[in-house]
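Source file model09.txt; content: compact mmCIF, N, CA and C atoms.
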```txt
# COMPACT_ATOMS: atom_id res chain seq x y z
N ALA W 1 22.47 -2.27 -28.10
CA ALA W 1 23.80 -2.81 -27.86
C ALA W 1 23.69 -4.17 -27.16
N MET W 2 22.81 -4.27 -26.16
CA MET W 2 22.66 -5.53 -25.43
C MET W 2 22.10 -6.61 -26.36
N LYS W 3 21.17 -6.22 -27.22
CA LYS W 3 20.60 -7.19 -28.15
C LYS W 3 21.69 -7.72 -29.09
N GLU W 4 22.50 -6.84 -29.62
CA GLU W 4 23.60 -7.24 -30.51
C GLU W 4 24.58 -8.15 -29.77
N LEU W 5 24.90 -7.82 -28.54
CA LEU W 5 25.82 -8.62 -27.74
C LEU W 5 25.26 -10.02 -27.50
N LYS W 6 23.98 -10.11 -27.19
CA LYS W 6 23.35 -11.41 -26.93
C LYS W 6 23.24 -12.26 -28.20
N GLU W 7 22.92 -11.61 -29.32
CA GLU W 7 22.73 -12.35 -30.57
C GLU W 7 24.04 -12.82 -31.18
N SER W 8 25.05 -11.94 -31.22
CA SER W 8 26.29 -12.30 -31.92
C SER W 8 27.45 -12.62 -30.99
N GLY W 9 27.30 -12.32 -29.72
CA GLY W 9 28.38 -12.58 -28.78
C GLY W 9 29.42 -11.49 -28.74
N ILE W 10 29.30 -10.52 -29.63
CA ILE W 10 30.24 -9.40 -29.63
C ILE W 10 29.49 -8.10 -29.87
N LEU W 11 30.12 -7.00 -29.50
CA LEU W 11 29.57 -5.67 -29.71
C LEU W 11 30.58 -4.88 -30.53
N LYS W 12 30.14 -4.42 -31.68
CA LYS W 12 31.02 -3.65 -32.56
C LYS W 12 30.70 -2.17 -32.40
N LEU W 13 31.73 -1.38 -32.14
CA LEU W 13 31.57 0.07 -31.96
C LEU W 13 32.49 0.80 -32.94
N ASP W 14 32.03 1.94 -33.42
CA ASP W 14 32.86 2.79 -34.27
C ASP W 14 33.34 3.95 -33.40
N ILE W 15 34.64 3.96 -33.10
CA ILE W 15 35.20 5.00 -32.25
C ILE W 15 36.24 5.75 -33.07
N ASN W 16 35.92 7.02 -33.37
CA ASN W 16 36.80 7.88 -34.18
C ASN W 16 37.24 7.22 -35.48
N GLY W 17 36.29 6.55 -36.15
CA GLY W 17 36.59 5.93 -37.44
C GLY W 17 37.21 4.56 -37.35
N SER W 18 37.53 4.10 -36.17
CA SER W 18 38.11 2.76 -35.99
C SER W 18 37.05 1.84 -35.41
N GLU W 19 36.97 0.63 -35.92
CA GLU W 19 36.02 -0.35 -35.39
C GLU W 19 36.65 -1.06 -34.21
N VAL W 20 35.93 -1.08 -33.11
CA VAL W 20 36.37 -1.77 -31.90
C VAL W 20 35.38 -2.90 -31.65
N THR W 21 35.87 -4.09 -31.40
CA THR W 21 35.04 -5.25 -31.13
C THR W 21 35.24 -5.66 -29.68
N LEU W 22 34.11 -5.76 -28.97
CA LEU W 22 34.16 -6.14 -27.55
C LEU W 22 33.32 -7.39 -27.33
N ALA W 23 33.84 -8.33 -26.56
CA ALA W 23 33.09 -9.51 -26.14
C ALA W 23 32.45 -9.22 -24.79
N GLU W 24 31.53 -10.07 -24.40
CA GLU W 24 30.81 -9.85 -23.13
C GLU W 24 31.78 -9.81 -21.95
N GLU W 25 32.83 -10.64 -21.98
CA GLU W 25 33.78 -10.65 -20.86
C GLU W 25 34.64 -9.39 -20.81
N ASP W 26 34.62 -8.59 -21.89
CA ASP W 26 35.36 -7.32 -21.91
C ASP W 26 34.56 -6.18 -21.26
N LEU W 27 33.31 -6.45 -20.97
CA LEU W 27 32.40 -5.40 -20.49
C LEU W 27 31.97 -5.63 -19.05
N LEU W 28 31.72 -4.56 -18.35
CA LEU W 28 31.10 -4.62 -17.03
C LEU W 28 29.66 -4.18 -17.22
N ILE W 29 28.75 -5.11 -17.08
CA ILE W 29 27.33 -4.83 -17.34
C ILE W 29 26.59 -4.84 -16.02
N GLU W 30 25.91 -3.74 -15.71
CA GLU W 30 25.12 -3.61 -14.49
C GLU W 30 23.73 -3.14 -14.85
N THR W 31 22.77 -3.60 -14.09
CA THR W 31 21.41 -3.13 -14.25
C THR W 31 21.20 -1.96 -13.31
N ALA W 32 20.78 -0.83 -13.84
CA ALA W 32 20.52 0.35 -13.01
C ALA W 32 19.01 0.51 -12.86
N GLN W 33 18.59 0.79 -11.66
CA GLN W 33 17.17 0.99 -11.40
C GLN W 33 16.84 2.46 -11.40
N SER W 34 15.76 2.79 -12.04
CA SER W 34 15.26 4.16 -11.99
C SER W 34 14.54 4.36 -10.67
N GLU W 35 14.59 5.57 -10.16
CA GLU W 35 13.91 5.87 -8.90
C GLU W 35 12.42 5.62 -9.06
N GLY W 36 11.82 4.98 -8.06
CA GLY W 36 10.39 4.69 -8.10
C GLY W 36 10.06 3.35 -8.73
N TYR W 37 11.08 2.57 -9.09
CA TYR W 37 10.86 1.26 -9.69
C TYR W 37 11.76 0.24 -9.02
N VAL W 38 11.28 -0.99 -8.95
CA VAL W 38 12.07 -2.10 -8.43
C VAL W 38 12.11 -3.16 -9.52
N THR W 39 13.31 -3.69 -9.78
CA THR W 39 13.50 -4.69 -10.81
C THR W 39 14.05 -5.96 -10.21
N GLU W 40 13.52 -7.08 -10.63
CA GLU W 40 14.04 -8.38 -10.21
C GLU W 40 14.22 -9.21 -11.47
N THR W 41 15.40 -9.80 -11.62
CA THR W 41 15.71 -10.60 -12.80
C THR W 41 16.09 -12.01 -12.39
N GLN W 42 15.53 -12.96 -13.11
CA GLN W 42 15.90 -14.36 -12.92
C GLN W 42 16.03 -14.98 -14.30
N GLY W 43 17.23 -15.39 -14.63
CA GLY W 43 17.48 -15.94 -15.96
C GLY W 43 17.26 -14.88 -17.02
N ASN W 44 16.42 -15.18 -18.00
CA ASN W 44 16.12 -14.24 -19.08
C ASN W 44 14.88 -13.41 -18.82
N THR W 45 14.30 -13.54 -17.64
CA THR W 45 13.05 -12.84 -17.32
C THR W 45 13.29 -11.75 -16.29
N SER W 46 12.78 -10.56 -16.59
CA SER W 46 12.86 -9.44 -15.65
C SER W 46 11.47 -8.92 -15.38
N VAL W 47 11.24 -8.57 -14.14
CA VAL W 47 9.96 -7.99 -13.73
C VAL W 47 10.26 -6.62 -13.14
N VAL W 48 9.51 -5.61 -13.56
CA VAL W 48 9.68 -4.25 -13.06
C VAL W 48 8.38 -3.83 -12.38
N LEU W 49 8.48 -3.35 -11.15
CA LEU W 49 7.31 -2.86 -10.41
C LEU W 49 7.45 -1.36 -10.18
N ASP W 50 6.36 -0.66 -10.42
CA ASP W 50 6.30 0.77 -10.15
C ASP W 50 5.96 0.94 -8.67
N THR W 51 6.86 1.52 -7.89
CA THR W 51 6.65 1.68 -6.45
C THR W 51 6.19 3.08 -6.07
N ASN W 52 5.88 3.90 -7.08
CA ASN W 52 5.39 5.24 -6.80
C ASN W 52 3.99 5.15 -6.21
N LEU W 53 3.75 5.88 -5.13
CA LEU W 53 2.46 5.85 -4.47
C LEU W 53 1.57 6.97 -4.99
N THR W 54 0.43 6.59 -5.54
CA THR W 54 -0.55 7.56 -6.00
C THR W 54 -1.45 7.92 -4.82
N PRO W 55 -2.19 9.02 -4.91
CA PRO W 55 -3.13 9.35 -3.83
C PRO W 55 -4.14 8.23 -3.58
N GLU W 56 -4.54 7.53 -4.64
CA GLU W 56 -5.50 6.43 -4.48
C GLU W 56 -4.89 5.27 -3.69
N LEU W 57 -3.64 4.95 -3.96
CA LEU W 57 -2.97 3.88 -3.22
C LEU W 57 -2.77 4.26 -1.76
N ILE W 58 -2.43 5.51 -1.52
CA ILE W 58 -2.24 5.97 -0.14
C ILE W 58 -3.56 5.87 0.62
N GLU W 59 -4.65 6.30 -0.02
CA GLU W 59 -5.96 6.22 0.64
C GLU W 59 -6.34 4.76 0.90
N GLU W 60 -6.08 3.88 -0.06
CA GLU W 60 -6.39 2.46 0.14
C GLU W 60 -5.60 1.90 1.32
N GLY W 61 -4.36 2.35 1.48
CA GLY W 61 -3.57 1.93 2.63
C GLY W 61 -4.20 2.37 3.95
N PHE W 62 -4.70 3.60 3.98
CA PHE W 62 -5.39 4.10 5.17
C PHE W 62 -6.64 3.27 5.44
N VAL W 63 -7.42 2.98 4.41
CA VAL W 63 -8.66 2.20 4.57
C VAL W 63 -8.34 0.84 5.17
N ARG W 64 -7.33 0.17 4.65
CA ARG W 64 -6.95 -1.15 5.17
C ARG W 64 -6.50 -1.07 6.62
N GLU W 65 -5.75 -0.03 6.97
CA GLU W 65 -5.30 0.13 8.35
C GLU W 65 -6.48 0.41 9.29
N ILE W 66 -7.40 1.25 8.85
CA ILE W 66 -8.59 1.55 9.66
C ILE W 66 -9.39 0.28 9.90
N ILE W 67 -9.61 -0.50 8.85
CA ILE W 67 -10.35 -1.76 8.98
C ILE W 67 -9.63 -2.68 9.97
N SER W 68 -8.32 -2.78 9.84
CA SER W 68 -7.54 -3.63 10.74
C SER W 68 -7.70 -3.20 12.20
N LYS W 69 -7.64 -1.89 12.44
CA LYS W 69 -7.78 -1.38 13.81
C LYS W 69 -9.18 -1.67 14.37
N ILE W 70 -10.19 -1.48 13.55
CA ILE W 70 -11.57 -1.74 13.99
C ILE W 70 -11.75 -3.23 14.29
N GLN W 71 -11.21 -4.09 13.44
CA GLN W 71 -11.33 -5.54 13.67
C GLN W 71 -10.61 -5.94 14.97
N THR W 72 -9.45 -5.33 15.21
CA THR W 72 -8.73 -5.59 16.46
C THR W 72 -9.58 -5.17 17.65
N MET W 73 -10.22 -4.00 17.54
CA MET W 73 -11.05 -3.50 18.64
C MET W 73 -12.27 -4.40 18.86
N ARG W 74 -12.86 -4.92 17.79
CA ARG W 74 -13.99 -5.85 17.93
C ARG W 74 -13.58 -7.05 18.78
N LYS W 75 -12.40 -7.59 18.47
CA LYS W 75 -11.89 -8.76 19.18
C LYS W 75 -11.61 -8.41 20.64
N GLU W 76 -10.90 -7.28 20.86
CA GLU W 76 -10.56 -6.87 22.23
C GLU W 76 -11.80 -6.60 23.07
N ALA W 77 -12.86 -6.11 22.43
CA ALA W 77 -14.10 -5.80 23.16
C ALA W 77 -14.94 -7.06 23.42
N GLY W 78 -14.52 -8.18 22.84
CA GLY W 78 -15.23 -9.44 23.07
C GLY W 78 -16.46 -9.62 22.21
N PHE W 79 -16.57 -8.91 21.12
CA PHE W 79 -17.73 -9.05 20.24
C PHE W 79 -17.67 -10.39 19.51
N GLU W 80 -18.84 -10.91 19.19
CA GLU W 80 -18.94 -12.13 18.39
C GLU W 80 -18.67 -11.77 16.93
N VAL W 81 -18.27 -12.75 16.15
CA VAL W 81 -17.91 -12.53 14.75
C VAL W 81 -19.02 -11.86 13.95
N MET W 82 -20.27 -12.21 14.21
CA MET W 82 -21.39 -11.68 13.43
C MET W 82 -22.10 -10.50 14.08
N ASP W 83 -21.61 -10.01 15.21
CA ASP W 83 -22.23 -8.86 15.87
C ASP W 83 -22.16 -7.63 14.97
N ARG W 84 -23.28 -6.92 14.85
CA ARG W 84 -23.31 -5.64 14.14
C ARG W 84 -22.81 -4.57 15.11
N ILE W 85 -22.10 -3.58 14.57
CA ILE W 85 -21.51 -2.56 15.43
C ILE W 85 -21.78 -1.16 14.89
N LYS W 86 -21.46 -0.20 15.74
CA LYS W 86 -21.42 1.21 15.37
C LYS W 86 -19.98 1.64 15.58
N VAL W 87 -19.41 2.36 14.61
CA VAL W 87 -18.03 2.81 14.68
C VAL W 87 -18.00 4.32 14.93
N TYR W 88 -17.09 4.74 15.79
CA TYR W 88 -16.92 6.14 16.12
C TYR W 88 -15.48 6.56 15.82
N ALA W 89 -15.30 7.81 15.42
CA ALA W 89 -13.96 8.35 15.20
C ALA W 89 -13.93 9.81 15.61
N LYS W 90 -12.87 10.17 16.32
CA LYS W 90 -12.76 11.55 16.81
C LYS W 90 -11.30 11.97 16.84
N GLY W 91 -11.06 13.24 16.52
CA GLY W 91 -9.74 13.81 16.74
C GLY W 91 -8.83 13.91 15.53
N ASN W 92 -9.33 13.53 14.34
CA ASN W 92 -8.46 13.63 13.17
C ASN W 92 -9.31 13.82 11.92
N ARG W 93 -9.19 15.00 11.33
CA ARG W 93 -9.98 15.35 10.14
C ARG W 93 -9.64 14.46 8.94
N HIS W 94 -8.36 14.16 8.76
CA HIS W 94 -7.95 13.34 7.62
C HIS W 94 -8.57 11.94 7.70
N ILE W 95 -8.50 11.31 8.88
CA ILE W 95 -9.11 9.99 9.07
C ILE W 95 -10.62 10.09 8.89
N ALA W 96 -11.22 11.16 9.40
CA ALA W 96 -12.66 11.35 9.25
C ALA W 96 -13.04 11.43 7.77
N ASP W 97 -12.27 12.16 6.98
CA ASP W 97 -12.54 12.27 5.54
C ASP W 97 -12.43 10.92 4.85
N ILE W 98 -11.45 10.12 5.24
CA ILE W 98 -11.29 8.79 4.66
C ILE W 98 -12.45 7.89 5.05
N LEU W 99 -12.87 7.97 6.31
CA LEU W 99 -14.03 7.18 6.75
C LEU W 99 -15.28 7.56 5.97
N LYS W 100 -15.50 8.86 5.77
CA LYS W 100 -16.68 9.31 5.03
C LYS W 100 -16.63 8.84 3.58
N ALA W 101 -15.48 8.99 2.94
CA ALA W 101 -15.34 8.64 1.52
C ALA W 101 -15.43 7.13 1.28
N ASN W 102 -15.12 6.34 2.30
CA ASN W 102 -15.10 4.88 2.15
C ASN W 102 -16.06 4.19 3.11
N LYS W 103 -17.11 4.90 3.49
CA LYS W 103 -18.05 4.42 4.50
C LYS W 103 -18.66 3.06 4.14
N GLU W 104 -19.10 2.90 2.90
CA GLU W 104 -19.75 1.65 2.51
C GLU W 104 -18.79 0.47 2.60
N LYS W 105 -17.60 0.64 2.07
CA LYS W 105 -16.62 -0.45 2.07
C LYS W 105 -16.24 -0.84 3.49
N ILE W 106 -15.90 0.15 4.31
CA ILE W 106 -15.49 -0.11 5.69
C ILE W 106 -16.65 -0.76 6.46
N SER W 107 -17.85 -0.21 6.31
CA SER W 107 -19.03 -0.74 7.02
C SER W 107 -19.29 -2.19 6.65
N ARG W 108 -19.17 -2.50 5.36
CA ARG W 108 -19.42 -3.86 4.89
C ARG W 108 -18.43 -4.85 5.51
N VAL W 109 -17.16 -4.47 5.56
CA VAL W 109 -16.13 -5.38 6.07
C VAL W 109 -16.23 -5.57 7.58
N VAL W 110 -16.46 -4.49 8.32
CA VAL W 110 -16.45 -4.59 9.79
C VAL W 110 -17.86 -4.80 10.38
N LEU W 111 -18.86 -4.95 9.50
CA LEU W 111 -20.26 -5.14 9.91
C LEU W 111 -20.80 -3.96 10.72
N ALA W 112 -20.52 -2.75 10.23
CA ALA W 112 -20.97 -1.54 10.92
C ALA W 112 -22.30 -1.07 10.33
N ASP W 113 -23.24 -0.76 11.20
CA ASP W 113 -24.51 -0.18 10.76
C ASP W 113 -24.38 1.32 10.57
N ASP W 114 -23.40 1.93 11.26
CA ASP W 114 -23.21 3.36 11.15
C ASP W 114 -21.77 3.72 11.53
N ILE W 115 -21.29 4.82 10.97
CA ILE W 115 -19.99 5.38 11.34
C ILE W 115 -20.26 6.82 11.76
N VAL W 116 -19.91 7.14 13.01
CA VAL W 116 -20.18 8.46 13.57
C VAL W 116 -18.85 9.20 13.73
N ILE W 117 -18.80 10.41 13.19
CA ILE W 117 -17.60 11.22 13.23
C ILE W 117 -17.76 12.32 14.28
N GLY W 118 -16.70 12.56 15.06
CA GLY W 118 -16.69 13.67 16.02
C GLY W 118 -17.04 13.29 17.44
N GLU W 119 -17.30 12.02 17.69
CA GLU W 119 -17.57 11.58 19.06
C GLU W 119 -17.15 10.12 19.20
N THR W 120 -17.07 9.65 20.43
CA THR W 120 -16.76 8.25 20.67
C THR W 120 -17.70 7.68 21.71
N ALA W 121 -17.87 6.37 21.64
CA ALA W 121 -18.70 5.66 22.61
C ALA W 121 -18.27 4.20 22.58
N GLY W 122 -18.77 3.43 23.54
CA GLY W 122 -18.44 2.01 23.58
C GLY W 122 -16.99 1.79 23.96
N TYR W 123 -16.39 0.79 23.37
CA TYR W 123 -14.99 0.48 23.61
C TYR W 123 -14.16 1.42 22.75
N THR W 124 -13.34 2.26 23.40
CA THR W 124 -12.54 3.25 22.66
C THR W 124 -11.05 2.98 22.82
N LYS W 125 -10.30 3.46 21.82
CA LYS W 125 -8.86 3.28 21.86
C LYS W 125 -8.21 4.34 20.98
N ASP W 126 -7.05 4.85 21.45
CA ASP W 126 -6.27 5.80 20.66
C ASP W 126 -5.34 5.01 19.74
N TRP W 127 -5.29 5.44 18.48
CA TRP W 127 -4.46 4.77 17.49
C TRP W 127 -3.60 5.78 16.75
N LYS W 128 -2.51 5.28 16.20
CA LYS W 128 -1.69 6.05 15.28
C LYS W 128 -1.75 5.26 13.96
N ILE W 129 -2.45 5.82 12.98
CA ILE W 129 -2.63 5.16 11.70
C ILE W 129 -1.83 5.92 10.67
N ASN W 130 -0.75 5.30 10.19
CA ASN W 130 0.14 5.96 9.21
C ASN W 130 0.51 7.37 9.66
N SER W 131 0.94 7.50 10.88
CA SER W 131 1.37 8.77 11.50
C SER W 131 0.23 9.72 11.83
N GLU W 132 -1.00 9.30 11.67
CA GLU W 132 -2.16 10.13 12.00
C GLU W 132 -2.78 9.60 13.30
N GLU W 133 -2.89 10.47 14.31
CA GLU W 133 -3.47 10.07 15.59
C GLU W 133 -4.98 10.24 15.56
N VAL W 134 -5.70 9.23 16.04
CA VAL W 134 -7.15 9.25 16.05
C VAL W 134 -7.66 8.39 17.21
N THR W 135 -8.83 8.74 17.70
CA THR W 135 -9.50 7.90 18.70
C THR W 135 -10.67 7.22 18.01
N LEU W 136 -10.69 5.90 18.08
CA LEU W 136 -11.77 5.12 17.48
C LEU W 136 -12.59 4.47 18.60
N GLY W 137 -13.85 4.26 18.32
CA GLY W 137 -14.72 3.57 19.25
C GLY W 137 -15.58 2.55 18.51
N VAL W 138 -15.90 1.46 19.18
CA VAL W 138 -16.82 0.46 18.62
C VAL W 138 -17.86 0.12 19.68
N GLU W 139 -19.08 -0.01 19.22
CA GLU W 139 -20.19 -0.29 20.13
C GLU W 139 -21.09 -1.33 19.48
N LYS W 140 -21.45 -2.37 20.25
CA LYS W 140 -22.32 -3.41 19.72
C LYS W 140 -23.73 -2.87 19.57
N GLN W 141 -24.38 -3.20 18.48
CA GLN W 141 -25.75 -2.74 18.21
C GLN W 141 -26.77 -3.72 18.73
```

Would you give me this structure, written as C-alpha cells?
Amino acid sequence: AMKELKESGILKLDINGSEVTLAEEDLLIETAQSEGYVTETQGNTSVVLDTNLTPELIEEGFVREIISKIQTMRKEAGFEVMDRIKVYAKGNRHIADILKANKEKISRVVLADDIVIGETAGYTKDWKINSEEVTLGVEKQ
C-alpha cells in the first residue's frame, strides 16, 4: 500500500465492491516499532537496530565492565601504565565464571599475568558490576 501511495500519489482500495481512492493527505501514517527494535528515519532512509540482548552480548557487557573496574583500580593504586599485575576476585560465582571464560582477553587488556578466584590481595575494592556484587583486587607483579 505504501509503495503504491509513493509511486502514484494515491491508494486505491476495494471496499464492499466500491473503489475508494485516497491521497496521502487523507491518511494518517505512523511508523510502529516492534518490541526489541529501534527505528530511525531520515528522508527516504530508515535504519532498524535489533536491541534484543543475547547471552553473548550480556557476557561481553560484563567483560567490558570488569576490565573498566580493573583499569580504574590500577590507576587508583598508582600503578604505571606498563606494570604487570595479578587480578583477584572473590564473592561472586557469576563474575568468577565470566573471568574464567574470558581470562585471556581480560589478562591481555589489563596486563595481568594471572587471575585468582576466591581470594583477594593487594589493592582491593568492592564493586557492583551490572547488579552483581564482587570484591576485586590488583597486585603489582

Practice problem: Run DSSP on the backbone and grab whatever in chain W lands in helix (DSSP H, G or I); send it over as a ChimeraX atom specification. | Solution: /W:2-8,24-26,55-76,93-101,103-110

Self-check item: For Asn130 (chain W), the nearest of the candidates W:Tyr88, W:Phe62, W:Gly43, W:Val38, counting all atoms listed in the file
Solution: W:Phe62

Exercise. Would you mind reading off the distance between atom C of Glu76 (chain W) and CA of Lys100 (chain W), one decimal, in Å?
Key: 24.5 Å

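Among the candidates W:Ala23, W:Val138, W:Ala89, W:Ala101, the one nearest to Lys75 (chain W) when counting only C-alpha atoms is W:Val138.
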
Contact table region 84-124 of chain W vs region 64-70 of chain W, cut-off 8 Å, shortest pair per residue, all atoms listed in the file, as a Markdown table:
```
| residue | atom | partner | partner_atom | distance |
| --- | --- | --- | --- | --- |
| W:Val87 | CA | W:Ile70 | CA | 7.9 |
| W:Ile106 | CA | W:Ile67 | CA | 6.3 |
| W:Val109 | C | W:Ile67 | CA | 7.1 |
| W:Val110 | CA | W:Ile70 | C | 6.6 |
```

Quiz item: Within 12 Å of Val116 (chain W), counting only C-alpha atoms, which residues qualify if same-chain residues fewer than 6 places away don't, as a ChimeraX atom specification?
Solution: /W:85-90,96-97,99-100,103,107,135-139

Quiz item: What gap, in Å, lies between atom C of Met73 (chain W) and atom N of Lys128 (chain W)?
Solution: 14.0 Å

Practice problem: Please run DSSP on the backbone and report, as a PyMOL selection string, all residues within chain W that come out as strand (DSSP E or B). | Solution: chain W and resi 10-15+18-23+37-42+45-50+85-90+112-117+123-129+132-140

Exercise. Tell me, in Å to one decimal, how far atom N of Ala1 (chain W) is from atom N of Tyr37 (chain W).
Key: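 Atom-to-atom, atom N of Ala1 (chain W) to atom N of Tyr37 (chain W), that is 22.7 Å.
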
Practice problem: Compare W:Arg74, W:Ala112, W:Arg84, W:Val63 by their minimum atom-to-atom distance to Ile129 (chain W), counting only C-alpha atoms, and give me the closest one. | Solution: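 Among the listed residues, W:Val63 lies closest to Ile129 (chain W).
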
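Each of W:Val48, W:Ala77, W:Met2, W:Leu53 was checked against Tyr123 (chain W) using only C-alpha atoms; the smallest atom-to-atom distance is that of W:Ala77.
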
Practice problem: Would you please work out which residue, of W:Arg108, W:Ile98, W:Lys140, W:Glu119, is nearest to Ile58 (chain W) when using only C-alpha atoms? | Solution: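 Checking each candidate against Ile58 (chain W), we get W:Ile98 as the closest.
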
Exercise. For region 24-32 of chain W, please output as a list in words all residues within 7 Å (counting all atoms listed in the file; exclusion window: fewer than 4 positions along the same chain).
Key: Leu5, Gly9, Ile10 and Leu11 of chain W

Practice problem: Could you check which of W:Gln33, W:Leu111, W:Thr39, W:Val47 is closest to Val81 (chain W), using only N, CA and C atoms? | Solution: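 Closest residue, counting only N, CA and C atoms: W:Leu111.
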